[in-house]
Amino acid sequence: MLTLTSNNPEETKTIGKALAKSVRTGSSIGLTGELGAGKTQFVKGLARGLGIGEDEVVSPSFGLINEYEGDKKLYHVDLYRLESNEEIETLGLADYIWGDGICVIEWADRLGKDLSLLDLHIHIEILPDNRRRFIFSGIDVKFLEKEVKTLLKERLWH
Ligand SMILES: Nc1ncnc2c1ncn2[C@@H]1O[C@H](COP(=O)(O)OP(=O)(O)OP(=O)(O)O)[C@@H](O)[C@H]1O
Ligand SMILES: [Mg+2]
């Protein structure tokens, strides 16, 4: 497991941006954390790293999927309003998870045990004073540890 701390929204975006440079095309990233944890801020940073205007990035308003065209395709899913497991199939989520772009999923815990199928799971914990703790797990962590450490300021890492 790998953790790092963000001190403000801009640092959260920096983490997203750094990840954009290191995740493989076709990767799936699950984000969890309570309301206002910073999941969407993170996706904005990820988008920035892929050459997508971060203002384009808004959470899909009805448990749906937004698609952005950047250096790589970015699929942005928000499962907050997911009502049933059948809906996952209706959305055709598997096609995005195993598709050719990067698929990032807010409220990925709504996938239940399927969360472990994703390449990377990032849990964001709210700490005092606008800080956030990012906890990374999943099969891509070892890969990320190497790549991202070179991209992010050492002080973010523990
Ligand atoms: N270190 C930080 N990282 C990210 N956001 C922060 C931080 N400190 C404060 N914030 C604020 O917290 C809020 C995070 O909002 P954001 O929409 O990204 O959360 P979210 O996890 O996507 O919430 P939701 O579950 O509603 O989708 C923003 O208003 C942001 O300015
Ligand atoms: Mg959000």
# chains A, B, ... in the order shown; residues from 1 in each chain; ligands from 1

$ residues_around --residues "region 100-105 of chain A" --least-positions-apart "2" --cutoff "10 Å" --atoms "only C-alpha atoms" --output "PDB file with N, CA and C atoms, in the first residue's frame"
ATOM      1  N   ALA A  20      -1.555  10.750 -14.625  1.00  0.00           N
ATOM      2  CA  ALA A  20      -1.876  10.717 -16.053  1.00  0.00           C
ATOM      3  C   ALA A  20      -0.656  10.336 -16.871  1.00  0.00           C
ATOM      4  N   VAL A  23      -0.009   6.201 -15.812  1.00  0.00           N
ATOM      5  CA  VAL A  23      -0.917   5.055 -15.982  1.00  0.00           C
ATOM      6  C   VAL A  23      -0.875   4.565 -17.424  1.00  0.00           C
ATOM      7  N   ARG A  24      -1.022   3.279 -17.563  1.00  0.00           N
ATOM      8  CA  ARG A  24      -1.024   2.693 -18.892  1.00  0.00           C
ATOM      9  C   ARG A  24      -2.345   2.991 -19.587  1.00  0.00           C
ATOM     10  N   THR A  25      -2.300   3.121 -20.900  1.00  0.00           N
ATOM     11  CA  THR A  25      -3.544   3.250 -21.660  1.00  0.00           C
ATOM     12  C   THR A  25      -4.362   1.993 -21.402  1.00  0.00           C
ATOM     13  N   GLY A  26      -5.641   2.172 -21.172  1.00  0.00           N
ATOM     14  CA  GLY A  26      -6.485   1.018 -20.877  1.00  0.00           C
ATOM     15  C   GLY A  26      -6.652   0.764 -19.389  1.00  0.00           C
ATOM     16  N   SER A  27      -5.970   1.571 -18.562  1.00  0.00           N
ATOM     17  CA  SER A  27      -6.079   1.376 -17.109  1.00  0.00           C
ATOM     18  C   SER A  27      -7.436   1.785 -16.573  1.00  0.00           C
ATOM     19  N   SER A  28      -7.838   1.138 -15.506  1.00  0.00           N
ATOM     20  CA  SER A  28      -9.044   1.547 -14.796  1.00  0.00           C
ATOM     21  C   SER A  28      -8.669   1.947 -13.373  1.00  0.00           C
ATOM     22  N   ILE A  29      -9.240   3.068 -12.951  1.00  0.00           N
ATOM     23  CA  ILE A  29      -8.910   3.620 -11.632  1.00  0.00           C
ATOM     24  C   ILE A  29     -10.208   3.821 -10.859  1.00  0.00           C
ATOM     25  N   GLY A  30     -10.310   3.235  -9.693  1.00  0.00           N
ATOM     26  CA  GLY A  30     -11.484   3.422  -8.846  1.00  0.00           C
ATOM     27  C   GLY A  30     -11.179   4.421  -7.747  1.00  0.00           C
ATOM     28  N   LEU A  31     -12.077   5.398  -7.591  1.00  0.00           N
ATOM     29  CA  LEU A  31     -11.909   6.399  -6.534  1.00  0.00           C
ATOM     30  C   LEU A  31     -12.987   6.192  -5.477  1.00  0.00           C
ATOM     31  N   THR A  32     -12.578   6.205  -4.216  1.00  0.00           N
ATOM     32  CA  THR A  32     -13.551   6.153  -3.128  1.00  0.00           C
ATOM     33  C   THR A  32     -13.209   7.235  -2.113  1.00  0.00           C
ATOM     34  N   LYS A  39     -12.548  13.639  -5.079  1.00  0.00           N
ATOM     35  CA  LYS A  39     -12.491  12.710  -6.209  1.00  0.00           C
ATOM     36  C   LYS A  39     -12.535  13.461  -7.546  1.00  0.00           C
ATOM     37  N   THR A  40     -13.471  14.405  -7.656  1.00  0.00           N
ATOM     38  CA  THR A  40     -13.581  15.149  -8.914  1.00  0.00           C
ATOM     39  C   THR A  40     -12.366  16.056  -9.126  1.00  0.00           C
ATOM     40  N   PHE A  42      -9.392  15.389  -8.243  1.00  0.00           N
ATOM     41  CA  PHE A  42      -8.373  14.467  -8.734  1.00  0.00           C
ATOM     42  C   PHE A  42      -8.559  14.204 -10.232  1.00  0.00           C
ATOM     43  N   VAL A  43      -9.809  13.985 -10.648  1.00  0.00           N
ATOM     44  CA  VAL A  43     -10.076  13.699 -12.074  1.00  0.00           C
ATOM     45  C   VAL A  43      -9.718  14.920 -12.930  1.00  0.00           C
ATOM     46  N   LEU A  46      -6.093  14.709 -13.480  1.00  0.00           N
ATOM     47  CA  LEU A  46      -5.838  13.623 -14.428  1.00  0.00           C
ATOM     48  C   LEU A  46      -6.099  14.130 -15.855  1.00  0.00           C
ATOM     49  N   LEU A  50      -3.687  14.882 -19.345  1.00  0.00           N
ATOM     50  CA  LEU A  50      -3.952  14.260 -20.648  1.00  0.00           C
ATOM     51  C   LEU A  50      -4.270  15.312 -21.699  1.00  0.00           C
ATOM     52  N   ILE A  65     -21.726   8.431 -17.641  1.00  0.00           N
ATOM     53  CA  ILE A  65     -20.340   8.441 -18.071  1.00  0.00           C
ATOM     54  C   ILE A  65     -20.076   9.649 -18.949  1.00  0.00           C
ATOM     55  N   GLU A  67     -17.182  11.385 -21.468  1.00  0.00           N
ATOM     56  CA  GLU A  67     -16.053  10.946 -22.279  1.00  0.00           C
ATOM     57  C   GLU A  67     -15.302  12.190 -22.718  1.00  0.00           C
ATOM     58  N   TYR A  68     -14.013  12.239 -22.482  1.00  0.00           N
ATOM     59  CA  TYR A  68     -13.216  13.387 -22.897  1.00  0.00           C
ATOM     60  C   TYR A  68     -12.115  12.915 -23.846  1.00  0.00           C
ATOM     61  N   GLU A  69     -11.837  13.739 -24.832  1.00  0.00           N
ATOM     62  CA  GLU A  69     -10.793  13.411 -25.810  1.00  0.00           C
ATOM     63  C   GLU A  69      -9.511  14.147 -25.463  1.00  0.00           C
ATOM     64  N   GLY A  70      -8.499  13.421 -25.091  1.00  0.00           N
ATOM     65  CA  GLY A  70      -7.199  14.030 -24.822  1.00  0.00           C
ATOM     66  C   GLY A  70      -6.122  13.246 -25.521  1.00  0.00           C
ATOM     67  N   ASP A  71      -4.890  13.305 -24.988  1.00  0.00           N
ATOM     68  CA  ASP A  71      -3.812  12.482 -25.552  1.00  0.00           C
ATOM     69  C   ASP A  71      -4.245  11.020 -25.540  1.00  0.00           C
ATOM     70  N   LYS A  72      -4.974  10.688 -24.498  1.00  0.00           N
ATOM     71  CA  LYS A  72      -5.642   9.389 -24.420  1.00  0.00           C
ATOM     72  C   LYS A  72      -7.095   9.685 -24.118  1.00  0.00           C
ATOM     73  N   LYS A  73      -7.972   8.769 -24.436  1.00  0.00           N
ATOM     74  CA  LYS A  73      -9.385   8.942 -24.096  1.00  0.00           C
ATOM     75  C   LYS A  73      -9.570   8.801 -22.596  1.00  0.00           C
ATOM     76  N   LEU A  74     -10.383   9.666 -22.032  1.00  0.00           N
ATOM     77  CA  LEU A  74     -10.672   9.555 -20.605  1.00  0.00           C
ATOM     78  C   LEU A  74     -12.167   9.341 -20.411  1.00  0.00           C
ATOM     79  N   TYR A  75     -12.509   8.239 -19.778  1.00  0.00           N
ATOM     80  CA  TYR A  75     -13.900   7.957 -19.419  1.00  0.00           C
ATOM     81  C   TYR A  75     -14.064   8.261 -17.933  1.00  0.00           C
ATOM     82  N   HIS A  76     -15.011   9.117 -17.642  1.00  0.00           N
ATOM     83  CA  HIS A  76     -15.232   9.568 -16.258  1.00  0.00           C
ATOM     84  C   HIS A  76     -16.614   9.090 -15.811  1.00  0.00           C
ATOM     85  N   VAL A  77     -16.600   8.172 -14.892  1.00  0.00           N
ATOM     86  CA  VAL A  77     -17.837   7.552 -14.417  1.00  0.00           C
ATOM     87  C   VAL A  77     -18.090   8.011 -12.984  1.00  0.00           C
ATOM     88  N   ASP A  78     -19.342   8.245 -12.653  1.00  0.00           N
ATOM     89  CA  ASP A  78     -19.688   8.563 -11.260  1.00  0.00           C
ATOM     90  C   ASP A  78     -20.860   7.678 -10.861  1.00  0.00           C
ATOM     91  N   LEU A  79     -20.609   6.795  -9.927  1.00  0.00           N
ATOM     92  CA  LEU A  79     -21.637   5.804  -9.550  1.00  0.00           C
ATOM     93  C   LEU A  79     -22.448   6.230  -8.333  1.00  0.00           C
ATOM     94  N   TYR A  80     -22.335   7.503  -7.948  1.00  0.00           N
ATOM     95  CA  TYR A  80     -23.030   7.956  -6.733  1.00  0.00           C
ATOM     96  C   TYR A  80     -24.509   7.600  -6.761  1.00  0.00           C
ATOM     97  N   LEU A  93     -20.611  -0.757 -18.454  1.00  0.00           N
ATOM     98  CA  LEU A  93     -19.396  -0.310 -17.767  1.00  0.00           C
ATOM     99  C   LEU A  93     -18.167  -1.156 -18.100  1.00  0.00           C
ATOM    100  N   ASP A  95     -17.236  -2.380 -20.776  1.00  0.00           N
ATOM    101  CA  ASP A  95     -16.585  -1.927 -22.010  1.00  0.00           C
ATOM    102  C   ASP A  95     -15.655  -0.752 -21.752  1.00  0.00           C
ATOM    103  N   TYR A  96     -16.008   0.062 -20.774  1.00  0.00           N
ATOM    104  CA  TYR A  96     -15.153   1.202 -20.440  1.00  0.00           C
ATOM    105  C   TYR A  96     -13.960   0.752 -19.602  1.00  0.00           C
ATOM    106  N   ILE A  97     -14.241  -0.148 -18.658  1.00  0.00           N
ATOM    107  CA  ILE A  97     -13.166  -0.621 -17.778  1.00  0.00           C
ATOM    108  C   ILE A  97     -12.092  -1.350 -18.581  1.00  0.00           C
ATOM    109  N   TRP A  98     -12.541  -2.145 -19.540  1.00  0.00           N
ATOM    110  CA  TRP A  98     -11.574  -2.898 -20.344  1.00  0.00           C
ATOM    111  C   TRP A  98     -11.359  -2.260 -21.714  1.00  0.00           C
ATOM    112  N   TRP A 107     -16.890   6.924  -6.697  1.00  0.00           N
ATOM    113  CA  TRP A 107     -17.761   6.035  -5.902  1.00  0.00           C
ATOM    114  C   TRP A 107     -17.641   4.584  -6.377  1.00  0.00           C
ATOM    115  N   ALA A 108     -16.408   4.167  -6.643  1.00  0.00           N
ATOM    116  CA  ALA A 108     -16.177   2.818  -7.165  1.00  0.00           C
ATOM    117  C   ALA A 108     -16.584   1.737  -6.164  1.00  0.00           C
ATOM    118  N   ASP A 109     -16.743   2.100  -4.880  1.00  0.00           N
ATOM    119  CA  ASP A 109     -17.188   1.088  -3.907  1.00  0.00           C
ATOM    120  C   ASP A 109     -18.591   0.579  -4.232  1.00  0.00           C
ATOM    121  N   ARG A 110     -19.328   1.355  -5.051  1.00  0.00           N
ATOM    122  CA  ARG A 110     -20.649   0.897  -5.492  1.00  0.00           C
ATOM    123  C   ARG A 110     -20.551  -0.337  -6.395  1.00  0.00           C
ATOM    124  N   LEU A 111     -19.333  -0.633  -6.842  1.00  0.00           N
ATOM    125  CA  LEU A 111     -19.134  -1.841  -7.647  1.00  0.00           C
ATOM    126  C   LEU A 111     -19.073  -3.091  -6.775  1.00  0.00           C
ATOM    127  N   LEU A 115     -14.789  -4.012  -7.425  1.00  0.00           N
ATOM    128  CA  LEU A 115     -13.770  -2.964  -7.269  1.00  0.00           C
ATOM    129  C   LEU A 115     -12.366  -3.553  -7.406  1.00  0.00           C
ATOM    130  N   LEU A 118     -10.412  -3.595 -10.779  1.00  0.00           N
ATOM    131  CA  LEU A 118      -9.786  -2.399 -11.351  1.00  0.00           C
ATOM    132  C   LEU A 118      -8.269  -2.461 -11.153  1.00  0.00           C
ATOM    133  N   ASP A 119      -7.561  -1.761 -11.993  1.00  0.00           N
ATOM    134  CA  ASP A 119      -6.103  -1.798 -11.916  1.00  0.00           C
ATOM    135  C   ASP A 119      -5.576  -1.055 -10.697  1.00  0.00           C
ATOM    136  N   LEU A 120      -6.329  -0.029 -10.318  1.00  0.00           N
ATOM    137  CA  LEU A 120      -5.847   0.814  -9.230  1.00  0.00           C
ATOM    138  C   LEU A 120      -7.040   1.301  -8.416  1.00  0.00           C
ATOM    139  N   HIS A 121      -6.876   1.280  -7.109  1.00  0.00           N
ATOM    140  CA  HIS A 121      -7.920   1.811  -6.230  1.00  0.00           C
ATOM    141  C   HIS A 121      -7.287   2.939  -5.414  1.00  0.00           C
TER     142      HIS A 121
END

$ residues_near_ligand --ligand "ligand 2" --cutoff "8 Å" --atoms "only C-alpha atoms and all ligand atoms" --output "JSON, numbers by chain"
{"A": [35, 36, 38, 39, 40, 41, 58, 59, 78, 106]}

$ write_last_selection --atoms "N, CA and C atoms" --output "PDB file, in the first residue's frame"
ATOM      1  N   LEU A  35     -18.339  12.264   0.448  1.00  0.00           N
ATOM      2  CA  LEU A  35     -18.713  13.478  -0.294  1.00  0.00           C
ATOM      3  C   LEU A  35     -17.695  14.584  -0.034  1.00  0.00           C
ATOM      4  N   GLY A  36     -17.235  15.203  -1.089  1.00  0.00           N
ATOM      5  CA  GLY A  36     -16.302  16.310  -0.925  1.00  0.00           C
ATOM      6  C   GLY A  36     -14.874  15.892  -0.622  1.00  0.00           C
ATOM      7  N   GLY A  38     -12.646  14.910  -2.691  1.00  0.00           N
ATOM      8  CA  GLY A  38     -11.739  15.447  -3.702  1.00  0.00           C
ATOM      9  C   GLY A  38     -11.617  14.549  -4.923  1.00  0.00           C
ATOM     10  N   LYS A  39     -12.548  13.639  -5.079  1.00  0.00           N
ATOM     11  CA  LYS A  39     -12.491  12.710  -6.209  1.00  0.00           C
ATOM     12  C   LYS A  39     -12.535  13.461  -7.546  1.00  0.00           C
ATOM     13  N   THR A  40     -13.471  14.405  -7.656  1.00  0.00           N
ATOM     14  CA  THR A  40     -13.581  15.149  -8.914  1.00  0.00           C
ATOM     15  C   THR A  40     -12.366  16.056  -9.126  1.00  0.00           C
ATOM     16  N   GLN A  41     -11.845  16.639  -8.045  1.00  0.00           N
ATOM     17  CA  GLN A  41     -10.630  17.454  -8.178  1.00  0.00           C
ATOM     18  C   GLN A  41      -9.494  16.598  -8.747  1.00  0.00           C
ATOM     19  N   VAL A  58     -16.766  17.723 -15.283  1.00  0.00           N
ATOM     20  CA  VAL A  58     -17.793  17.853 -14.252  1.00  0.00           C
ATOM     21  C   VAL A  58     -18.367  16.458 -14.060  1.00  0.00           C
ATOM     22  N   SER A  59     -18.792  16.177 -12.847  1.00  0.00           N
ATOM     23  CA  SER A  59     -19.322  14.844 -12.621  1.00  0.00           C
ATOM     24  C   SER A  59     -20.557  14.626 -13.471  1.00  0.00           C
ATOM     25  N   ASP A  78     -19.342   8.245 -12.653  1.00  0.00           N
ATOM     26  CA  ASP A  78     -19.688   8.563 -11.260  1.00  0.00           C
ATOM     27  C   ASP A  78     -20.860   7.678 -10.861  1.00  0.00           C
ATOM     28  N   GLU A 106     -15.693   7.423 -10.018  1.00  0.00           N
ATOM     29  CA  GLU A 106     -15.977   7.947  -8.677  1.00  0.00           C
ATOM     30  C   GLU A 106     -16.989   7.027  -7.993  1.00  0.00           C
TER      31      GLU A 106
END

$ closest_residue --among "A:Arg131, A:Lys21, A:Lys44, A:Lys142" --to "ligand 1" --atoms "only C-alpha atoms and all ligand atoms"
A:Arg131

$ select_by_dssp --residues "region 8-157 of chain A" --states "helix (DSSP H, G or I)" --output "PyMOL selection string"
chain A and resi 9-22+39-49+54-56+85-91+93-97+108-117+141-151+154-156

$ select_by_dssp --residues "chain A" --states "strand (DSSP E)" --output "PyMOL selection string"
chain A and resi 2-6+28-32+65-69+73-78+102-106+120-126+132-137

$ write_last_selection --atoms "C-alpha atoms" --output "PDB file, in the first residue's frame"
ATOM      1  CA  LEU A   2       1.160   3.457  -0.851  1.00  0.00           C
ATOM      2  CA  THR A   3      -0.021   6.690   0.754  1.00  0.00           C
ATOM      3  CA  LEU A   4       0.577  10.364   0.177  1.00  0.00           C
ATOM      4  CA  THR A   5      -0.833  13.578   1.519  1.00  0.00           C
ATOM      5  CA  SER A   6      -2.326  16.506  -0.359  1.00  0.00           C
ATOM      6  CA  SER A  28      -9.044   1.547 -14.796  1.00  0.00           C
ATOM      7  CA  ILE A  29      -8.910   3.620 -11.632  1.00  0.00           C
ATOM      8  CA  GLY A  30     -11.484   3.422  -8.846  1.00  0.00           C
ATOM      9  CA  LEU A  31     -11.909   6.399  -6.534  1.00  0.00           C
ATOM     10  CA  THR A  32     -13.551   6.153  -3.128  1.00  0.00           C
ATOM     11  CA  ILE A  65     -20.340   8.441 -18.071  1.00  0.00           C
ATOM     12  CA  ASN A  66     -18.555  11.430 -19.530  1.00  0.00           C
ATOM     13  CA  GLU A  67     -16.053  10.946 -22.279  1.00  0.00           C
ATOM     14  CA  TYR A  68     -13.216  13.387 -22.897  1.00  0.00           C
ATOM     15  CA  GLU A  69     -10.793  13.411 -25.810  1.00  0.00           C
ATOM     16  CA  LYS A  73      -9.385   8.942 -24.096  1.00  0.00           C
ATOM     17  CA  LEU A  74     -10.672   9.555 -20.605  1.00  0.00           C
ATOM     18  CA  TYR A  75     -13.900   7.957 -19.419  1.00  0.00           C
ATOM     19  CA  HIS A  76     -15.232   9.568 -16.258  1.00  0.00           C
ATOM     20  CA  VAL A  77     -17.837   7.552 -14.417  1.00  0.00           C
ATOM     21  CA  ASP A  78     -19.688   8.563 -11.260  1.00  0.00           C
ATOM     22  CA  ILE A 102      -8.333   5.459 -19.141  1.00  0.00           C
ATOM     23  CA  CYS A 103     -11.439   4.804 -17.103  1.00  0.00           C
ATOM     24  CA  VAL A 104     -11.793   6.615 -13.798  1.00  0.00           C
ATOM     25  CA  ILE A 105     -14.741   5.778 -11.552  1.00  0.00           C
ATOM     26  CA  GLU A 106     -15.977   7.947  -8.677  1.00  0.00           C
ATOM     27  CA  LEU A 120      -5.847   0.814  -9.230  1.00  0.00           C
ATOM     28  CA  HIS A 121      -7.920   1.811  -6.230  1.00  0.00           C
ATOM     29  CA  ILE A 122      -7.423   5.229  -4.668  1.00  0.00           C
ATOM     30  CA  HIS A 123      -9.150   5.949  -1.392  1.00  0.00           C
ATOM     31  CA  ILE A 124      -9.196   9.591  -0.318  1.00  0.00           C
ATOM     32  CA  GLU A 125      -9.525  10.342   3.380  1.00  0.00           C
ATOM     33  CA  ILE A 126     -10.412  13.790   4.650  1.00  0.00           C
ATOM     34  CA  ARG A 132      -6.339  14.680   2.239  1.00  0.00           C
ATOM     35  CA  ARG A 133      -4.692  11.289   2.543  1.00  0.00           C
ATOM     36  CA  PHE A 134      -4.488   9.271  -0.672  1.00  0.00           C
ATOM     37  CA  ILE A 135      -4.248   5.533  -0.188  1.00  0.00           C
ATOM     38  CA  PHE A 136      -3.302   3.563  -3.279  1.00  0.00           C
ATOM     39  CA  SER A 137      -3.834  -0.152  -3.723  1.00  0.00           C
TER      40      SER A 137
END

$ closest_residue --among "A:Leu19, A:Met1, A:Ala94, A:Ala37" --to "Leu144 (chain A)" --atoms "only C-alpha atoms"
A:Leu19

$ atom_distance --atom1 "atom 4 (C, counted along the ligand's line) of ligand 1" --atom2 "CA of Gly53 (chain A)"
17.7 Å

$ atom_distance --atom1 "atom 8 (N, counted along the ligand's line) of ligand 1" --atom2 "CA of Pro9 (chain A)"
4.8 Å

$ atom_distance --atom1 "CA of Glu10 (chain A)" --atom2 "atom 4 (C, counted along the ligand's line) of ligand 1"
7.2 Å

$ closest_residue --among "A:Thr90, A:Ser116, A:Asn8, A:Thr14" --to "ligand 1" --atoms "only C-alpha atoms and all ligand atoms"
A:Asn8
